[in-house]
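Asker: Right, I'll just put the structure down here and ask away after.
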Amino acid sequence: MSDEIAIGIDLGTSYSCVSVLENGQPVVIPNEWGERTHASVVSFLEDGTVLVGNSAKRNIITNADNTVYSAKRLIGRFYFSDEVKKAQAVMPYRIIEGENNSVRIQVRESVYSLPEISALVLKEMKSIVESYVGHEVKKAVVTVPAYFNDNQRQATKDAGRVAGLEVLRILNEPTAAALSYGFGKDIAQKIAVYDLGGGTFDISILEIGKDVFEVLSTAGDTYLGGDDFDDRIMTWLAEDFLKKTGIDLRLNKYCLQMLKEASERAKIDVGRDGAAKITIEGVCQDPSGQVMDLNATLQEAEFNRMTMDLVQRTFKVCDEALQSARLTASDLDAVILVGGPTRLPIIRTSVKHYFQRDVMTGIDPDEVVAMGAAIQASSLMDSKGDHYLLDVTPLTLRVATVGGYTDKIIDKNTPIPIERSKSYTTNRDGQEKVKIKVYQGESNKASECELLGEFEFSGFRIAYRGEVRIEVTFEIDTNGIVNVTATDVETGQKTSCTIRLSSGLTEEMIQSARQKNAATTLARGAEAA
Amino acid sequence: MADFDESFQIEAHALAQVLDELDYFQILKVAQTASPAEVKGAYYRESRAYHPDRFFQLPDQELREAIGKIYKRINEAYVCLRDDVRRGKYAADVSGPERPKKLRFVEASEQELKKDKEQEIGVTPQGRKFFMAGLQDMAAQRFASAERNFKMALTYEPGNSNYKIKRDEAAKLVKPTDSLR
């Protein structure tokens, strides 16, 4: 057995975690300060080094322009998407437009793609394990929200490559959690994984039969997470301050960051203690230059009232998942909670009430996903075949038809890998190219779905219209990533394909980003308080 | 690493070659009469044999591709056979004269199904349920049971002409021994 190991990385919106298998059991690897989870924050320091993790998080206020956080909310999105516009309004760092409608982050004179930012977080995770095991690590399984679309998965995979990692698998977070729960237990159960992260919500319903983990359905909301709970507290604090002083703290990005930080802390405190005392010293200056403080107390009842609709939104998604799985809550044997926000009593009580059962205890909601990823990473390395993950595609794959409508190609919740073909004929004499726009989403209107890309096929025979038949094959692989190929039916000739519109990185961009990433030094910050 | 002996390799390559000649029941190695639990069991059994993760480190790329092709078809078969409505139509399709063209439940089958649903399968949930059960009985050659199911369907939609056709078809096929019981 060589030294070669593969690691499992939970690349979260707010926090990331890394794990490896030791003596057959997944172990979370702490950094040199003993921290087991690491803020997914990247702070670019003046000396050219980069600080990642909990110490970088403190720079969100002190080095706001050059500190990037919540990059996962932007990865794999087009510049014109609502999420990007929303982020531009609240993030202190600069979000700019790159080529092909892509999103870029500008830090000082440098411009970074989102995969490059995430790659720095991955580099830190990789380096934590490397200092722990004492040798280089080259392979990893990286998790993503189950509800991530193809663009987001592809971009996450690119991030891994930029970080110098061979990404063995892009694994769905709830599936990873279920694997960690059922691994080596020899159980036969139907379970629900309720995964509320910093920025996304997923629910997956699985059937575990000994060594087989079958995902029956998955549903989610990539616009709903713990951050939204913070936002509610922020709004409450800001409105209150506005009423008392006439000053709107939200108009200043620095004040906003202080508010955000205080709100996140208040959420944690209120969840743990039932009330939170909020103090921000020197939050702003009044018109006469007098420094002002913010003081408030948040009671649990108040917090529950202002976030109840968010909690209810998660249950709408749960309804959808149960319905797709053709089950009711009473058919389930266990409910697993994943993600930091699920520590909140309001979530625990509501989940218990919704599913009519106690949630599983003894599972660490911050670490279980990374542990599942480590199990899968190890299993892919030695191909023991001791368990099988039968996962599904979360979104319906579609192609554009006429008039802004789309046709279904592969239904959501279809097991992967899968492929399906569709025939096209030319509609003009002498036509040289066929263009196909591919979407993911649940509406038959193209405008309400997520565009994956525009594929242009050429290299087939040139003939009269209707004479050339092209068979286009849509494949979704085990990573949930979509591949499109086309063949001239008569000649069997594979046609060439160009992706015309895509938020992704080209091969050259990945290679140069990889060199840049390798040349970047990770700063070692002081232990976070 | 798991050991894939020569006979397994030969079997996998041979299976990949003939995939397009097999129907979904043959892919999952189940009888047309298999219960939903048997279909699921077969899917798990075939997943254990052909899941690509088992072959992840295999240096033989050709074999990996053959396995990938097989496993994608196993998933395709499962998607169709786990759904009562799709399975009913598929079973009828591959039992009919157009079998060679209907081995894969493709876009056209889906379209037909949609049309069928509206025009032939009926409009009431109960009517549909009994009608589909009847179709499955027909495919499994349980004609007496099929006739009963079609009759039940007709009580919910007395005017459905397709139900009547199927009921008469089933009635003709019922063996005398069946009716004596």
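Ligands are numbered from 1 in the order shown, chains are lettered A, B, ... in the order of the structure tokens, and residues start at 1 in each chain.
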Do you have, as JSON lines, the list of residues of chain B lying at most 12 Å from chain A, each with its nearest atom pair and that distance in Å to one decimal, counting only C-alpha atoms and ordered by chain then number?

Answerer:
{"residue": "B:Met1", "atom": "CA", "partner": "A:Asp382", "partner_atom": "CA", "distance": 5.2}
{"residue": "B:Ala2", "atom": "CA", "partner": "A:Lys384", "partner_atom": "CA", "distance": 5.5}
{"residue": "B:Asp3", "atom": "CA", "partner": "A:Lys384", "partner_atom": "CA", "distance": 9.3}
{"residue": "B:Phe4", "atom": "CA", "partner": "A:Ser383", "partner_atom": "CA", "distance": 11.2}
{"residue": "B:Lys40", "atom": "CA", "partner": "A:Glu214", "partner_atom": "CA", "distance": 10.2}
{"residue": "B:Gly41", "atom": "CA", "partner": "A:Gly209", "partner_atom": "CA", "distance": 9.7}
{"residue": "B:Tyr43", "atom": "CA", "partner": "A:Leu390", "partner_atom": "CA", "distance": 10.2}
{"residue": "B:Tyr44", "atom": "CA", "partner": "A:Val212", "partner_atom": "CA", "distance": 7.0}
{"residue": "B:Arg45", "atom": "CA", "partner": "A:Val212", "partner_atom": "CA", "distance": 9.5}
{"residue": "B:Glu46", "atom": "CA", "partner": "A:Tyr388", "partner_atom": "CA", "distance": 11.1}
{"residue": "B:Ser47", "atom": "CA", "partner": "A:Tyr388", "partner_atom": "CA", "distance": 7.5}
{"residue": "B:Arg48", "atom": "CA", "partner": "A:Tyr388", "partner_atom": "CA", "distance": 7.0}
{"residue": "B:Ala49", "atom": "CA", "partner": "A:Gly385", "partner_atom": "CA", "distance": 9.2}
{"residue": "B:Tyr50", "atom": "CA", "partner": "A:Tyr388", "partner_atom": "CA", "distance": 10.2}
{"residue": "B:His51", "atom": "CA", "partner": "A:Tyr388", "partner_atom": "CA", "distance": 7.2}
{"residue": "B:Pro52", "atom": "CA", "partner": "A:Thr478", "partner_atom": "CA", "distance": 8.5}
{"residue": "B:Asp53", "atom": "CA", "partner": "A:Leu380", "partner_atom": "CA", "distance": 6.3}
{"residue": "B:Arg54", "atom": "CA", "partner": "A:Ser383", "partner_atom": "CA", "distance": 5.0}
{"residue": "B:Phe55", "atom": "CA", "partner": "A:Ser383", "partner_atom": "CA", "distance": 6.5}
{"residue": "B:Phe56", "atom": "CA", "partner": "A:Leu380", "partner_atom": "CA", "distance": 6.2}
{"residue": "B:Gln57", "atom": "CA", "partner": "A:Ser383", "partner_atom": "CA", "distance": 6.6}
{"residue": "B:Leu58", "atom": "CA", "partner": "A:Ser383", "partner_atom": "CA", "distance": 8.7}
{"residue": "B:Ile67", "atom": "CA", "partner": "A:Pro417", "partner_atom": "CA", "distance": 11.3}
{"residue": "B:Gly68", "atom": "CA", "partner": "A:Pro417", "partner_atom": "CA", "distance": 8.0}
{"residue": "B:Lys69", "atom": "CA", "partner": "A:Ile418", "partner_atom": "CA", "distance": 9.0}
{"residue": "B:Ile70", "atom": "CA", "partner": "A:Ile418", "partner_atom": "CA", "distance": 10.2}
{"residue": "B:Tyr71", "atom": "CA", "partner": "A:Pro417", "partner_atom": "CA", "distance": 7.4}
{"residue": "B:Lys72", "atom": "CA", "partner": "A:Ile418", "partner_atom": "CA", "distance": 4.7}
{"residue": "B:Arg73", "atom": "CA", "partner": "A:Ile418", "partner_atom": "CA", "distance": 7.3}
{"residue": "B:Ile74", "atom": "CA", "partner": "A:Ile418", "partner_atom": "CA", "distance": 8.9}
{"residue": "B:Asn75", "atom": "CA", "partner": "A:Pro415", "partner_atom": "CA", "distance": 6.0}
{"residue": "B:Glu76", "atom": "CA", "partner": "A:Ile418", "partner_atom": "CA", "distance": 6.6}
{"residue": "B:Ala77", "atom": "CA", "partner": "A:Ile418", "partner_atom": "CA", "distance": 10.3}
{"residue": "B:Tyr78", "atom": "CA", "partner": "A:Pro415", "partner_atom": "CA", "distance": 8.5}
{"residue": "B:Val79", "atom": "CA", "partner": "A:Thr414", "partner_atom": "CA", "distance": 6.7}
{"residue": "B:Cys80", "atom": "CA", "partner": "A:Thr414", "partner_atom": "CA", "distance": 10.1}
{"residue": "B:Arg82", "atom": "CA", "partner": "A:Thr414", "partner_atom": "CA", "distance": 11.1}
{"residue": "B:Asp83", "atom": "CA", "partner": "A:Arg326", "partner_atom": "CA", "distance": 10.7}
{"residue": "B:Arg104", "atom": "CA", "partner": "A:Arg420", "partner_atom": "CA", "distance": 10.0}
{"residue": "B:Phe105", "atom": "CA", "partner": "A:Arg420", "partner_atom": "CA", "distance": 9.9}
{"residue": "B:Val106", "atom": "CA", "partner": "A:Arg420", "partner_atom": "CA", "distance": 7.7}
{"residue": "B:Glu107", "atom": "CA", "partner": "A:Lys422", "partner_atom": "CA", "distance": 7.5}
{"residue": "B:Ala108", "atom": "CA", "partner": "A:Lys422", "partner_atom": "CA", "distance": 9.7}
{"residue": "B:Glu110", "atom": "CA", "partner": "A:Lys408", "partner_atom": "CA", "distance": 10.2}
{"residue": "B:Gln111", "atom": "CA", "partner": "A:Lys408", "partner_atom": "CA", "distance": 10.8}

Asker: Produce a file of the selected residues containing N, CA and C atoms, as a compact mmCIF listing (two decimals), in the first residue's frame.

Answerer:
# COMPACT_ATOMS: atom_id res chain seq x y z
N MET B 1 -7.74 -4.11 -4.55
CA MET B 1 -8.73 -3.91 -5.59
C MET B 1 -9.48 -5.22 -5.86
N ALA B 2 -10.75 -5.07 -6.13
CA ALA B 2 -11.56 -6.27 -6.43
C ALA B 2 -10.99 -6.95 -7.68
N ASP B 3 -11.14 -8.23 -7.71
CA ASP B 3 -10.57 -9.00 -8.80
C ASP B 3 -11.66 -9.28 -9.84
N PHE B 4 -11.41 -8.88 -11.07
CA PHE B 4 -12.38 -9.15 -12.11
C PHE B 4 -11.81 -10.21 -13.03
N LYS B 40 -36.84 -3.80 -7.71
CA LYS B 40 -35.87 -3.07 -6.90
C LYS B 40 -34.70 -3.98 -6.50
N GLY B 41 -35.04 -5.20 -6.07
CA GLY B 41 -34.00 -6.16 -5.69
C GLY B 41 -33.05 -6.44 -6.84
N TYR B 43 -32.48 -4.46 -9.35
CA TYR B 43 -31.69 -3.24 -9.60
C TYR B 43 -30.49 -3.17 -8.65
N TYR B 44 -30.73 -3.50 -7.38
CA TYR B 44 -29.63 -3.50 -6.42
C TYR B 44 -28.59 -4.56 -6.80
N ARG B 45 -29.08 -5.74 -7.19
CA ARG B 45 -28.18 -6.83 -7.54
C ARG B 45 -27.31 -6.44 -8.74
N GLU B 46 -27.93 -5.86 -9.77
CA GLU B 46 -27.18 -5.47 -10.95
C GLU B 46 -26.26 -4.28 -10.66
N SER B 47 -26.68 -3.41 -9.72
CA SER B 47 -25.82 -2.29 -9.32
C SER B 47 -24.56 -2.80 -8.64
N ARG B 48 -24.73 -3.82 -7.81
CA ARG B 48 -23.56 -4.39 -7.13
C ARG B 48 -22.60 -4.97 -8.16
N ALA B 49 -23.15 -5.51 -9.25
CA ALA B 49 -22.29 -6.12 -10.26
C ALA B 49 -21.64 -5.09 -11.18
N TYR B 50 -22.41 -4.05 -11.57
CA TYR B 50 -21.93 -3.18 -12.65
C TYR B 50 -21.75 -1.71 -12.27
N HIS B 51 -21.89 -1.35 -10.99
CA HIS B 51 -21.72 0.06 -10.64
C HIS B 51 -20.31 0.53 -11.02
N PRO B 52 -20.20 1.64 -11.75
CA PRO B 52 -18.89 2.09 -12.23
C PRO B 52 -17.86 2.30 -11.11
N ASP B 53 -18.31 2.61 -9.90
CA ASP B 53 -17.36 2.84 -8.81
C ASP B 53 -16.49 1.62 -8.53
N ARG B 54 -17.05 0.45 -8.78
CA ARG B 54 -16.29 -0.78 -8.56
C ARG B 54 -15.11 -0.89 -9.50
N PHE B 55 -15.22 -0.20 -10.64
CA PHE B 55 -14.22 -0.35 -11.69
C PHE B 55 -13.40 0.92 -11.85
N PHE B 56 -13.52 1.80 -10.84
CA PHE B 56 -12.93 3.14 -10.92
C PHE B 56 -11.42 3.10 -11.19
N GLN B 57 -10.73 2.14 -10.56
CA GLN B 57 -9.27 2.09 -10.69
C GLN B 57 -8.82 1.11 -11.77
N LEU B 58 -9.77 0.57 -12.50
CA LEU B 58 -9.42 -0.43 -13.51
C LEU B 58 -8.63 0.21 -14.64
N ILE B 67 -18.63 -1.29 -19.18
CA ILE B 67 -19.35 -1.28 -17.91
C ILE B 67 -20.24 -0.04 -17.80
N GLY B 68 -19.66 1.11 -18.19
CA GLY B 68 -20.41 2.37 -18.13
C GLY B 68 -21.67 2.30 -18.99
N LYS B 69 -21.51 1.73 -20.18
CA LYS B 69 -22.62 1.59 -21.11
C LYS B 69 -23.71 0.69 -20.49
N ILE B 70 -23.27 -0.41 -19.92
CA ILE B 70 -24.22 -1.35 -19.30
C ILE B 70 -24.95 -0.67 -18.14
N TYR B 71 -24.18 0.02 -17.30
CA TYR B 71 -24.81 0.59 -16.10
C TYR B 71 -25.80 1.69 -16.44
N LYS B 72 -25.49 2.47 -17.46
CA LYS B 72 -26.44 3.51 -17.88
C LYS B 72 -27.75 2.86 -18.34
N ARG B 73 -27.62 1.70 -19.01
CA ARG B 73 -28.83 1.02 -19.47
C ARG B 73 -29.60 0.40 -18.29
N ILE B 74 -28.85 -0.05 -17.29
CA ILE B 74 -29.51 -0.58 -16.09
C ILE B 74 -30.35 0.51 -15.43
N ASN B 75 -29.78 1.71 -15.32
CA ASN B 75 -30.53 2.84 -14.76
C ASN B 75 -31.75 3.17 -15.61
N GLU B 76 -31.56 3.16 -16.92
CA GLU B 76 -32.65 3.46 -17.85
C GLU B 76 -33.79 2.46 -17.66
N ALA B 77 -33.41 1.19 -17.52
CA ALA B 77 -34.41 0.14 -17.33
C ALA B 77 -35.17 0.35 -16.02
N TYR B 78 -34.42 0.66 -14.98
CA TYR B 78 -35.03 0.84 -13.66
C TYR B 78 -36.00 2.02 -13.65
N VAL B 79 -35.59 3.13 -14.28
CA VAL B 79 -36.45 4.31 -14.33
C VAL B 79 -37.80 3.96 -14.95
N CYS B 80 -37.77 3.12 -15.98
CA CYS B 80 -39.00 2.75 -16.67
C CYS B 80 -39.81 1.75 -15.85
N ARG B 82 -39.76 0.97 -12.65
CA ARG B 82 -40.20 1.28 -11.28
C ARG B 82 -41.50 2.09 -11.28
N ASP B 83 -41.87 2.59 -12.46
CA ASP B 83 -43.05 3.45 -12.58
C ASP B 83 -44.18 2.64 -13.21
N ARG B 104 -36.30 0.42 -26.28
CA ARG B 104 -35.92 1.53 -25.40
C ARG B 104 -37.12 2.46 -25.24
N PHE B 105 -37.36 2.82 -24.00
CA PHE B 105 -38.49 3.71 -23.72
C PHE B 105 -38.00 5.13 -23.96
N VAL B 106 -38.15 5.59 -25.20
CA VAL B 106 -37.55 6.86 -25.58
C VAL B 106 -38.58 7.97 -25.64
N GLU B 107 -38.12 9.08 -26.14
CA GLU B 107 -38.94 10.27 -26.29
C GLU B 107 -40.30 9.97 -26.92
N ALA B 108 -40.27 9.18 -28.02
CA ALA B 108 -41.51 8.87 -28.73
C ALA B 108 -42.48 8.12 -27.81
N GLU B 110 -42.58 8.28 -24.64
CA GLU B 110 -43.04 9.23 -23.63
C GLU B 110 -44.18 10.08 -24.19
N GLN B 111 -44.00 10.50 -25.44
CA GLN B 111 -45.03 11.31 -26.11
C GLN B 111 -46.33 10.51 -26.25

Asker: Identify all residues of range 80-109 of chain B in alpha helix (DSSP H) (DSSP on the backbone) and supply them as a ChimeraX atom specification.

Answerer: /B:80-81,84-95,107-109

Asker: For Glu166 in chain A, find every residue with an atom within 7 Å (counting only C-alpha atoms), except residues of its own chain fewer than 6 positions away, and show them as a list in words.

Answerer: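 My reading of the contact set: Lys138, Lys139, Ala140 and Gly160 of chain A.
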
Asker: So which residues touch range 338-344 of chain A within 10 Å, counting only C-alpha atoms, skipping near sequence neighbours fewer than 2 positions away, as an MDAnalysis selection string?

Answerer: chainID A and resid 12 14:15 173:174 177:178 193:198 200:203 225:227 229 267:272 274 304 335:336 346:349 351 363:369

Asker: Which residue is closest to Tyr181 in chain A? Choose from A:Gly372, A:Phe148, A:Thr426, A:Glu124 and count only C-alpha atoms.

Answerer: A:Gly372

Asker: A:Gly53, A:Gly430, A:Gly220, A:Gly24: which is nearest Phe315 in chain A, counting only C-alpha atoms?

Answerer: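 Ranked by minimum distance to Phe315 in chain A, first place goes to A:Gly220.
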
Asker: Could you check how far CA of Leu74 in chain A sits from CA of Thr156 in chain A, in Å to one decimal?

Answerer: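 Going from CA of Leu74 in chain A over to CA of Thr156 in chain A covers 11.1 Å.
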